[in-house]
Amino acid sequence: MRHDERFVCLGSPVHADETRSAAVCRAPSGEERLVITARGYVLIVDAGSGHCTQLAFPEGHLDYPFACMSSESGLLYTGAGQKIMVLDPFQERFIYWAEPAPEEEIVGFSFAEDAAGHVYFTTYPGCELFRMDPVSMACTRLTRLHTRQKYAMSLAAGKDGWVYAGIGTAEAGVAAYCLADGTLLHLQGEGLMETVRGSGQVRLGSDGHVYASLPTLGESEPEGTCTANWFRLQDGKAAALAAENTPPDVAFVYKGTGYYKLHRDLSGGRSVTGYQLADGELVIREPDGSQTVVPLAYQGNGAALSPMTGGPDGMLYGTSNHPLHLYRYDPQRQDLVNLGGKLVENGGGGNICAYAVQGPYLVGAAYAGGFVHRLDTRMPLESGSSSGRNPVLLLADERIHRPRCAVAHPGGEHVLIGGFPGYGAVGGGLVELNVHQETWTVYEDHDIVPNQSTLCLGTLSSGDVIGGSSIETPGGADPAAEEAVLYRLDWRQRRVSERWTPVPGAREISLLLVDAYDRVHALTADSVYFIFDPSRGIVLYQQDLSEWGGIVRQGLILIQDRQGQEQIIGLLSRGIFKVQTDTLKPQLLSLLPVEATSGLAFLEGRLYFGCGSELWSYFMEEGDCSDEL
């Protein structure tokens with residue numbers, strides 16, 4: 001078999017798109033259109049006739065929107081990646097697009113309109129405020145709303161000549177910008193004795209004033225939980241409302257939370273209650289209380305694949321990423337099936353990021369929210385709410401809001417799961433789950449590695465656990481550590497007994513596994529491969545593999561050849577490599593025909609990995625390997 005013939009594309013398991021934000025646009029004539037934004041396009045829906053028009057982003061731009069807004073004139077404003085866009089939904093064309101902040105990752109993180117028709121929008125991670133002229137469409141940078149906070153997820157322009165932004169996530173607050181003289185103020189809740197994690201929220205009231213809600217630590221609540229206080233904003237100052245009152249005159253023009261929000265609603269007493277592209281339907285509540293379901297006709301993109309794994313039943317399992325659909329591949333029958341989005345409870349727009357096999361169970365941990373699911377491969381799949389549901393949701397914990405790794409403990413009962421914490425937090429937790437008893441313990445970051453998160457896990461022959469950490473804080477906080485470490489968790493005492501810094505200066509140890517000789521094989525975020533001996537606390541070997549590409553989660557597995565020798569197989573974005581545990585030197589098996597984005601499983605003599613939305617396999621030649629360990 002020729003080298004390039006060893007690669008096979010098995011197709012895209014999931015053809016479904018995640019709904020992002022949406023808006024009801026109303027023309028001066030009273031005509032309405034619902035516009036749903038998605039990755040790379042908008043879907044324009046006539047809620048009366050059910051007619052749908054799919055319109056690609058200008059210049060083939062393919063990225064996720066995070067917010068949108070319908071203007072008083074009936075135009076839709078949205079952003080995706082670095083591009084800001086203006087749509088006329090009635091002419092069904094984009095009338096303007098630009099990249100006003102090429103140094104930013106996202107423009108259009110939140111939107112607002114003032115009485116003169118000027119449109120304001122924010123950016124990430126610079127937290128910049130821009131203004132767009134409604135006639136010329138020229139974009140002007142006004143200010144940076146905060147020097148440390150990255151998120152400005154709500155925006156409102158008041159009749160007082162100020163623009164207000166709810167900012168966070170590490171420190172909740174409100175930024176106030178005066179249009180007349182450029183004054184920038186930062187407001188926090190009255191009586192706050194300490195910084196509170198979260199985000200401020202601002203809303204325009206029907207009286208033309210802006211109102212804000214800010215989280216405050218509840219005196220009678222557990223540490224870290226918050227209740228909301230409301231404030232009226234005027235001339236850059238905040239006046240608290242009575243604690244028992246939510247402002248009755250606030251025009252809540254947005255419904256929903258996060259990136260799934262609807263701006264405005266239908267007229268005539270009709271109300272949009274659901275608009276899921278993944279389910280292919282728009283649900284409208286009629287004035288008499290009945291429901292109308294409108295099919296959403298669109299051509300979906302293939303959804304990007306998340307890490308995958310081989311199950312104890314010999315099947316390949318994985319999920320798509322935004323939306324979360326579970327898929328399964330039978331290598332013997334060569335049957336690839338999308339099992340849908342309803343099997344995984346509270347799956348929504350996330351993905352299962354890490355797996356571990358413990359006996360007949362496949363345990364998966366999902367973003368967002370640290371949801372941990374258990375699938376019994378002996379039982380039929382069941383999505384109902386009865387006791388027979390399979391997979392079943394066992395727990396959810398914000399301390400692993402963004403899971404990144406899981407490992408089965410050799411004792412036969414436990415799975416350990418690590419990951420990043422929620423928005424604004426520093427240092428993730430480590431979950432110890434008993435899959436049989438359905439009980440768990442969560443270790444805080446200060447119990448494991450203070451101010452760091454566990455990104456990869458393995459186990460030693462003694463039962464002790466080896467973990468690799470990251471100093472990164474993807475939820476918006478500032479890192480509070482200098483470099484990543486390896487640690488050893490004493491299983492009997494359930495405490496960390498040793499910590500090492502194997503690669504000085506590395507910010508993250510992304511992947512690891514432990515071979516039969518208790519040597520740790522690992523990759524940093526910069527694709528530096530190293531082998532570490534925890535018994536002596538020394539690095540045995542180190543090599544930069546970045547010429548073969550960047551890190552692919554989960555890109556390290558341990559297999560066994562037909563002579564019983566272990567091999568480590570690694571996947572980077574541009575190549576597959578192997579490490580025989582007797583020579584300890586990485587060898588390139590093959591460069592990839594398409595860039596890899598997720599991995600890695602081995603079944604029936606083939607490696608499986610994801611390239612965007614496509615599932616690919618690579619045939620291992622006879623004598624290379626037999627069974628995954």
# chains A, B, ... in the order shown; residues from 1 in each chain; ligands from 1
call {"tool": "residues_around", "arguments": {"residues": "range 405-414 of chain A", "least_positions_apart": "2", "cutoff": "10 Å", "atoms": "only C-alpha atoms", "output": "VMD selection string"}}
result
chain A and resid 353 to 359 362 to 365 400 402 to 403 416 to 419 430 to 440 454 to 465 467 to 468 491 510 to 513 553 to 554
call {"tool": "residues_around", "arguments": {"residues": "Pro58 in chain A", "least_positions_apart": "3", "cutoff": "12 Å", "atoms": "only C-alpha atoms", "output": "VMD selection string"}}
result
chain A and resid 40 to 42 55 61 to 63 79 to 80 83 to 87 93 to 99
call {"tool": "select_by_dssp", "arguments": {"residues": "range 5-222 of chain A", "states": "helix (DSSP H, G or I)", "output": "list in words"}}
result
Glu5, Arg6, Pro58, Glu59 and Gly60 of chain A
call {"tool": "atom_distance", "arguments": {"atom1": "CA of Asp181 in chain A", "atom2": "CA of Ser73 in chain A"}}
result
27.8 Å
call {"tool": "residues_around", "arguments": {"residues": "Gly570 in chain A", "least_positions_apart": "6", "cutoff": "7 Å", "atoms": "only C-alpha atoms", "output": "MDAnalysis selection string"}}
result
chainID A and resid 555:557 576:578
call {"tool": "atom_distance", "arguments": {"atom1": "CA of Arg39 in chain A", "atom2": "CA of Pro13 in chain A"}}
result
17.5 Å
call {"tool": "residues_around", "arguments": {"residues": "Pro380 in chain A", "least_positions_apart": "5", "cutoff": "10 Å", "atoms": "only C-alpha atoms", "output": "PDB file with C-alpha atoms, in the first residue's frame"}}
result
ATOM      1  CA  LEU A 375     -22.262   5.862  29.179  1.00  0.00           C
ATOM      2  CA  GLY A 388     -33.037   4.187  32.029  1.00  0.00           C
ATOM      3  CA  ARG A 389     -31.338   7.216  30.506  1.00  0.00           C
ATOM      4  CA  ASN A 390     -27.989   6.340  28.922  1.00  0.00           C
ATOM      5  CA  PRO A 391     -25.672   8.209  29.010  1.00  0.00           C
TER       6      PRO A 391
END
call {"tool": "residues_around", "arguments": {"residues": "Leu591 in chain A", "least_positions_apart": "3", "cutoff": "10 Å", "atoms": "only C-alpha atoms", "output": "PyMOL selection string"}}
result
chain A and resi 3-4+548-549+571-577+588+594-595
call {"tool": "residues_around", "arguments": {"residues": "Phe231 in chain A", "least_positions_apart": "6", "cutoff": "6 Å", "atoms": "only C-alpha atoms", "output": "list in words"}}
result
Tyr211, Ala212, Ala238, Ala239, Ala240 and Leu241 of chain A
call {"tool": "atom_distance", "arguments": {"atom1": "CA of Val485 in chain A", "atom2": "CA of Gly168 in chain A"}}
result
28.4 Å
call {"tool": "select_by_dssp", "arguments": {"residues": "range 80-294 of chain A", "states": "strand (DSSP E)", "output": "PyMOL selection string"}}
result
chain A and resi 80+83-88+93-98+106-113+119-124+128-132+139-144+151-157+162-169+173-178+184-187+198-199+201-204+210-217+226-234+237-240+254-257+260-263+271-276+281-285+291-294
call {"tool": "residues_around", "arguments": {"residues": "Asp397 in chain A", "least_positions_apart": "5", "cutoff": "10 Å", "atoms": "only C-alpha atoms", "output": "PyMOL selection string"}}
result
chain A and resi 368-372+402-403+421-422+429+431+442
call {"tool": "closest_residue", "arguments": {"among": "A:Gly302, A:Gly258, A:Gly60, A:Gly48", "to": "Arg20 in chain A", "atoms": "only C-alpha atoms"}}
result
A:Gly258
call {"tool": "closest_residue", "arguments": {"among": "A:Arg536, A:His325, A:Arg519, A:Arg203", "to": "Glu498 in chain A", "atoms": "only C-alpha atoms"}}
result
A:Arg536
call {"tool": "closest_residue", "arguments": {"among": "A:Ser136, A:Thr473, A:Thr309, A:Ser387", "to": "Gly599 in chain A", "atoms": "only C-alpha atoms"}}
result
A:Thr309
